[in-house]
Each structure stands twice: as C-alpha cells, then as structure tokens.
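Some notes on the structure that comes next.
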Amino acid sequence: MSVIEARQAAVKRGGRTIFGPASIAIGAGEMTALIGPNGSGKSTLLRLFAGLWRPDSGDVFLDDRTIHSRPRKEIARRISFVPQETQIDFSFTVAEILAMGRYAHRGRLKPQSQADRAAALTAAADCDITYLMDRAVNSLSGGERQRVLIARSLVVEPEFILLDEPTANLDIQHALDILALCQALSRKGKTVVVATHDFNLVTRFAARLILLEAGTLVAQGSREEVLHPETIQEVFHVDAELASTKAGDSVYVFHQRAAG
Amino acid sequence: MSAAAQSNPVTNVSSRSRLRLPIFYGFLVPIIFLSLLAGVGIGSTHISWITILQVVEFKILPHAWTASLHITQADAVIVWLIRVPRVIVAFFVGAGLAAAGVLLQALFRNPLAEPGLVGAGEGAVLGGVISFVTGWSATSVLSLPLMAMAGALLALFVVYVMSTRGGVTPVATLLLAGVATSALLSAVASLLLSVNIVNWQIAQEIVFWMMGGLDARTWTHVWLCAPFVVLGVAACLIQTRDLDLLQLGEETAASFGVDVESSKRMLTLTAAILTGAAVAVAGLIGFVGLVVPHAVRLVLGPSNRVLLPASALTGGAFLVLCDLLARTIHPPTEIRLGIVTALCGGPLFIYLLLRQYRGVAN
C-alpha cells in the first residue's frame, strides 16, 4: 500500500519558517486526523502531502520517488485534495462538477468514457448525493456542498483523500455525517486525512492523530498516545478534563484557563 | 440522511431549466443569417435580399455560372465593397469580444470580468495608437493588430498581478485595478494623441478609432481581424476543461491535474489575441464581452465547452444588430456603436455588481 512521507520537510514564507522541519508519514488506508490550533501548520502539511506546495527544504515522497518528480496528472490520479473554501460562483450542476473530476484521466480532449461515467455514479452513491445530480452547485446548502466536494474527490478514484477543515462551516449533525463518511471511505481502503481544529469530534472517528503546534510536530499515534489533558493545556492553552458519555465515548470538557 | 429535506426550494435551480443545445442553435443559426442579411440590406439605400444574394453569388461563384445575373454597378459596390465587409467585421469583432469575455471571466473567476473593464481594451487601444503615431501602421498593416495584442497582453498582466493574491481575485480589487490601469493607459494614449495633434490626418484617424466604431471598414479589415478571431476561438476550444476547473479555483484545478501556470499563460495570451484583433479594426467597444456570455450562460449553463462557441456566435450576431441599430436609428447621422452596446451593457453590469455584493452570483 502506498505511503506519502514528509522527510525533514520545511516551508518558509517571507523568510520565516512557518512549518517544520518535520518527518511525518501517512498511508495504510487509515483515517488520520491532523489537529492543532489555528496557524499550527495543518493546512500547510496537507498541501505538502497533496503535492500542491513544494517544501523549501527536505522532501515529500510518494512511495519511492519524490512527489514533485512525478507528473502533475499522476499525482492528481492518486491523491485527492478537498479544499476548505467551498464557495463556487458559477451555476455548474453537480453532475458537471463530478465530470470535471476526471480531468486527470481524460485530459483536454478525450470524450467521456464508460469508466468516467461509472466513477461519477459510484462516487455520487457513496456520498449519498445521487438525488442532487441535476442541481446547481451554488444552490446547495453547506452540508450538501461539502458532500459534493468529497464526491468530486472520489471520482478520481484516488488512493489518498486529504480534507482541509471539512466540518468548519457545518452544524454538529452534518459535521458528524461528513466524518462518518470519511471513516466509511477509510474502511474501503482509502487513506483519509482530515485537518481540523475540532479534535473533540474527529477523535471519535480517526484511528490515528497527528498533533501540530506552531509548525512543529508535537505527537503522533493513537488517541490514547496523543491526547492527555496536559498536552491539550500545553497546545491549546485551555484547561481540559476527560469525561465519558453513556455510549462509552470519551470527550473533553474545556474550561477557560484562569488568568495568571 | 435528512439532506433532501434541507434543500431550499427557492434557490432550487435545476439543469432542466437550461435550453437544449439543438433548440438553442435552431434559434441562433437563423438569427445569425437574418442579422447578416439585414445588416447588408438596410441602410441609407435599401437593397432587397434577392439582390444581396445575387451579388454574393456573383462574387464568390465561378463567373461561368453567374453570367446570366443582372447586377447594377451601384448595387455591387454598395453590397460588396461597403456593407458586406462592415457586417463581416462586426460579426468577428463581436465574436472575439464575447469569447474574450468568457476567457477573462474564467481567468478571474468572476462573471463581471470583460475586456473593457480589466484593462485589456485600453491596452489594445494604446498599442494601436503607438502603431499609428510611429507610422508603423502605414508601413505594415499587420502592425496594428499585433501592437494591439501586445498592449492587451501587457495590460492583462499588470491587472492580474495587481489584483490577484494566492490565486484569489477579489471583485473590488479587480475592478479598481482595471479602472486604474485603464485610466493610466488611456492617459498615455491621449498624451500621444495631443503630441501628434499637429498632424491633423493622423490625429483624426486616432480619435475616430479610439471612440470605437465600424465606419468605412473594408476587406483589409476583415483580413486583419477574422483569422486572429478564428485562431483565438480555436485555441479556446481546446482549453475548455482547464477553463471549467480554473473557475472552481486555482488550487482545486491544480489538485485535479491542471498545469495552472501554463494554462493561465495560454488563456491570457488567447484573451489578448482576441481583444487585440477586435480593437485593431473597431476601436474599443465596451460591454459585448459582458452582456453576451452572461445571457448565454443563463440559457445554456456555465460549462465552457458549450458556452464558448455559443457565446462567440451570439456575440457576432449581437454586434451586427447593434451596428445596424447605430446606423439606422437616427438617419442620416450614425450613432457611435459603443453607445448602443453601453446602453445594453451598462444596466446589466450594475445589476450584476449589486447582485454579487448581495452574495448571489450566476
């Protein structure tokens, strides 16, 4: 199974190092959550993994070769990126949006094949948006649009799906729906990485956590290995205590840290 | 999933409200044909459609076939040397401006982008003025469209760099950058004009052309414009999938395998060729690139594979009809063509701008 691995990768902006150097790998068809406060480098790491940004030092490998030595279309066929910004100003239908997702397979001029059509239908069914196919994407609700964007990333039939804050603009019910969908995808063998600041929600679904702070790796591993009340206090600057729900889930209860 | 329940019926826009392509072309093709016929036939001297067809036959078919036709010299001159080239130039200028509008709207991800609003038009005008005052246009006719294209390219580059940060172009920044760049470029064009005002003949030619219009267009103008417009539209047609994805955002386009930088370079160059070819023969005619793609998008949807050719053809027919209106509404004087297109496009522009600020866009 394929692996994306950052090796001592660092990103600089305006002469300042905003991320790294850090060595982190993802793969193995797991669902991984990338957590940390705002500005901790979650989005940066996600873009490094997606091959959208080039590290200023160090390397990002996709299996045995660096990601940037591979053709843009090969990366696009293997790694899907779902951006946070979901506003679309043009009235494309959902079906058109899904068809666009096959660019890396079809190129500029090849007509739509049976495989292209099948991939779009499967992706729509997986994300439960088949009933939206004829709708204009700019007329959908936030939750519907997020599902469409995830479906568009599935149309590619990728090995990796990287999502940047997929639940940021959603209410709790739709946030849980989206995360359950991500978990279902990882169970089908996709490597799913979700960057989010809302670790309380995501930790119920993700098998593995990567905790970042100020562009550096604080901890990675299972929920138990990464999240302690002390770590949360350290990274997020709030007091937290662990509580259990009736369903047996553990949740964190936060308190504003007392002044001084 | 309760997702079905949350969809808002008020904003429920379905693709079923779009016109099917055969129906659209079923209307458009006769409209194009009739607009060309009306453009040639109607004017200070009315010419019947039979005479028009006879003259055209006489000019393009082998003489052995058309020996039996009786055509007066006056009709032949009016039709073939005055009206036909003017109508053909109008068609290609309209097609070029509309296609350039579609490209710029995708490039800036904004339905308000238009050659005249993002600096490309004024850039092309300045390029043309330079080719007039240096005398290059007198030595080589091709220098006019080439300089206009170079000017449009430069202006687009400046506006893009000024208004776009990290692949995002805020509408206010785009319009301000476009207005500022246009003002600067047109000031330079006016300066060149003032300096050369002593040469009355050149000055008059420049003024006439800066105002925009299709007076006294000849077959030379057809050949200066049409091949570039055909080339530009053909170049657009092989990039429609890149255009679609770029409209969703540069990062999204890149993540789906588009080589964003090279695509943007190609698109900017194509938009400059189309704008330059149009401005070189007709001066700056505003709002065609805004009105036509907007109307076609409402009817056919935003997919560029469909939108681009339909907009180019509609733009051609639109400008032929606008020119007909400009020539005939207040005889014997002709109204400037730019006034007619601005009267159509200005209100639409204001409407779109207001709507965008309310957060709903087409």
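Within each chain, counting starts at residue 1; across the structure tokens, chains are named A, B, ... in the order shown, with ligands numbered 1 upward in that order.
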Selection: 12 Å around Gly346 in chain B, only C-alpha atoms, excl. self and same-chain fewer than 6 positions, as a PyMOL selection string = chain B and resi 112+116-117+286-291+338-340+352-353
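Using only C-alpha atoms for every distance, the candidate list B:Ala253, B:Tyr25, B:Thr333, B:Val279 yields B:Ala253 as the residue closest to Ser153 in chain A.
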Contacts of Gly215 in chain A within 8 Å, only C-alpha atoms, excl. fewer than 2 positions in-chain, as a list in words = Ile18, Phe19, Gly20, Gly39, Ser40, Gly41, Lys42, Leu212, Glu213 and Leu217 of chain A
Find the residues of chain A that sit at most 9 Å from chain B; for each, write down the nearest two atoms and how far apart they are in Å, to one decimal. Count only C-alpha atoms. Sort by chain, then by number going up, and give it as CSV.
residue,atom,partner,partner_atom,distance
A:Ala50,CA,B:Ser255,CA,7.4
A:Gly51,CA,B:Ser255,CA,8.2
A:Leu52,CA,B:Ser255,CA,6.8
A:Pro71,CA,B:Gly257,CA,8.7
A:Arg72,CA,B:Gly257,CA,5.3
A:Lys73,CA,B:Gly257,CA,4.4
A:Glu74,CA,B:Gly257,CA,7.7
A:Ile75,CA,B:Gly257,CA,7.3
A:Ala76,CA,B:Gly257,CA,4.9
A:Arg77,CA,B:Phe256,CA,7.6
A:Ile79,CA,B:Ser255,CA,8.0
A:Ser80,CA,B:Ser255,CA,6.6
A:Phe81,CA,B:Ser255,CA,6.1
A:Val82,CA,B:Thr252,CA,7.7
A:Pro83,CA,B:Thr252,CA,7.1
A:Thr86,CA,B:Leu248,CA,9.0
A:Gln87,CA,B:Leu248,CA,8.5
A:Ile88,CA,B:Leu248,CA,6.1
A:Asp89,CA,B:Ala361,CA,5.6
A:Phe90,CA,B:Asn362,CA,5.3
A:Ser91,CA,B:Asn362,CA,5.8
A:Phe92,CA,B:Pro302,CA,5.9
A:Thr93,CA,B:Ser15,CA,6.5
A:Glu96,CA,B:Ser303,CA,7.7
A:Ile97,CA,B:Leu245,CA,8.7
A:Met100,CA,B:Leu245,CA,6.8
A:Gly101,CA,B:Phe256,CA,6.4
A:Arg102,CA,B:Phe256,CA,7.8
A:Tyr103,CA,B:Phe256,CA,6.4
A:Ala104,CA,B:Gly257,CA,5.3
A:Gly107,CA,B:Arg241,CA,8.1
A:Arg108,CA,B:Arg241,CA,6.0
A:Leu109,CA,B:Ile238,CA,6.8
A:Asp128,CA,B:Met1,CA,8.1
A:Ile129,CA,B:Ala3,CA,8.7
A:Tyr131,CA,B:Ala4,CA,7.9
A:Leu132,CA,B:Ala4,CA,8.6
A:Met133,CA,B:Ser15,CA,9.0
A:Asp134,CA,B:Ser15,CA,5.3
A:Arg135,CA,B:Ser14,CA,4.6
A:Ala136,CA,B:Val13,CA,5.5
A:Val137,CA,B:Val13,CA,8.8
A:Asn138,CA,B:Asn362,CA,8.3
A:Ser139,CA,B:Thr11,CA,5.4
A:Leu140,CA,B:Ser7,CA,6.5
A:Ser141,CA,B:Ser7,CA,6.4
A:Gly143,CA,B:Ala3,CA,7.8
A:Glu144,CA,B:Ala3,CA,6.8
A:Ser153,CA,B:Phe256,CA,8.6
A:Val156,CA,B:Phe256,CA,8.1
A:His174,CA,B:Ala3,CA,8.9
A:Asp177,CA,B:Met1,CA,8.0
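Of the listed residues (A:Arg223, A:Arg187, A:His228, A:His255), A:Arg187 comes nearest to Met31 in chain A; the distances count only C-alpha atoms.
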Neighbours of range 205-215 of chain B within 6 Å (only C-alpha atoms; same-chain residues fewer than 4 positions away dropped), as number ranges by chain?
-> B: 282-285, 337
Polymer residues at most 12 Å from Ala180 in chain A, only C-alpha atoms, same-chain spacing of 2 or more positions, as a ChimeraX atom specification | /A:31,126-127,147,166-167,173-178,182-187,192,194,201-206 /B:1
If we count only C-alpha atoms, what is near Pro293 in chain B at a cut-off of 8 Å, once residues fewer than 5 positions away on the same chain are taken out, given as a ChimeraX atom specification?
-> /B:98-99,101-102,307,311
Could you take the residues named above and write them with C-alpha atoms, as a compact mmCIF listing (two decimals), in the first residue's frame?
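Just written: result-v1.txt:
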# COMPACT_ATOMS: atom_id res chain seq x y z
CA ALA B 98 -17.58 37.72 -26.44
CA ALA B 99 -15.05 34.86 -26.45
CA GLY B 101 -15.17 37.87 -22.08
CA VAL B 102 -15.73 34.16 -21.42
CA LEU B 307 -20.62 28.36 -23.51
CA SER B 311 -21.06 32.98 -26.94
How far is it from CA of Gly316 in chain B to CA of Lys59 in chain B, in Å with one decimal?
-> 22.8 Å
Could you give me the residues within range 215-262 of chain B that DSSP places in alpha helix (DSSP H), as a PyMOL selection string?
-> chain B and resi 219-237+240-247+250-255+260-262
Atomic distance CA of Met147 in chain B - CA of Phe91 in chain B, expressed in Å with one decimal | 21.8 Å
Please, what distance in Å, to one decimal, runs between CA of Phe33 in chain B and CA of Ile273 in chain B?
->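 Interatomic distance here is 26.2 Å.
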Near-Asp56 in chain A list (9 Å; only C-alpha atoms; drop same-chain fewer than 6 positions) as a PyMOL selection string | chain A and resi 9-12
Picked from range 28-244 of chain A by DSSP as strand (DSSP E or B), as an NGL selection string = :A and (31-35 or 57-62 or 65-66 or 79-82 or 93 or 135-136 or 160-164 or 191-196 or 208-213 or 216-221 or 239-244)
Expected file: the selected residues, C-alpha atoms, as a CSV table (one decimal), in the first residue's frame:
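Output contents, as saved in again11.csv:
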chain,number,residue,atom,x,y,z
A,31,MET,CA,-8.2,7.6,8.8
A,32,THR,CA,-5.8,10.1,10.3
A,33,ALA,CA,-6.7,13.4,11.9
A,34,LEU,CA,-4.4,16.4,11.7
A,35,ILE,CA,-5.1,18.5,14.7
A,57,SER,CA,13.9,22.2,2.4
A,58,GLY,CA,13.6,18.4,2.8
A,59,ASP,CA,11.4,16.3,0.6
A,60,VAL,CA,8.0,14.7,0.3
A,61,PHE,CA,8.0,11.2,-1.1
A,62,LEU,CA,5.1,9.3,-2.7
A,65,ARG,CA,10.1,8.9,-5.5
A,66,THR,CA,9.6,12.5,-4.5
A,79,ILE,CA,-4.1,12.0,-4.3
A,80,SER,CA,-7.3,14.0,-3.9
A,81,PHE,CA,-7.4,17.3,-2.1
A,82,VAL,CA,-10.7,18.8,-0.8
A,93,THR,CA,-24.7,21.2,-11.9
A,135,ARG,CA,-29.0,20.7,-9.1
A,136,ALA,CA,-26.8,23.8,-9.5
A,160,PHE,CA,-5.4,9.3,-0.7
A,161,ILE,CA,-8.1,11.8,0.2
A,162,LEU,CA,-6.9,14.9,2.0
A,163,LEU,CA,-9.6,17.2,3.5
A,164,ASP,CA,-8.9,20.7,4.8
A,191,THR,CA,-6.1,6.7,3.2
A,192,VAL,CA,-8.1,9.6,4.6
A,193,VAL,CA,-6.5,12.6,6.3
A,194,VAL,CA,-8.7,15.2,7.9
A,195,ALA,CA,-7.2,18.5,9.0
A,196,THR,CA,-9.4,20.1,11.7
A,208,ARG,CA,-4.6,8.0,14.3
A,209,LEU,CA,-3.8,11.5,15.3
A,210,ILE,CA,-1.1,13.9,14.3
A,211,LEU,CA,-0.8,16.9,16.7
A,212,LEU,CA,0.9,20.1,15.5
A,213,GLU,CA,1.7,23.3,17.2
A,216,THR,CA,6.1,21.6,14.6
A,217,LEU,CA,5.1,18.0,15.3
A,218,VAL,CA,4.1,17.6,19.0
A,219,ALA,CA,2.9,14.0,19.0
A,220,GLN,CA,1.5,11.3,16.7
A,221,GLY,CA,-0.1,8.0,17.3
A,239,ASP,CA,-7.8,23.5,30.7
A,240,ALA,CA,-9.5,20.2,29.8
A,241,GLU,CA,-10.7,17.2,31.6
A,242,LEU,CA,-11.7,13.9,30.2
A,243,ALA,CA,-15.3,12.7,30.6
A,244,SER,CA,-17.3,9.7,29.4
Nearest to Ser43 in chain A, restricted to only C-alpha atoms and choosing among A:Ile150, A:Ala99, A:Ala214, A:Ala118, comes out as A:Ala214
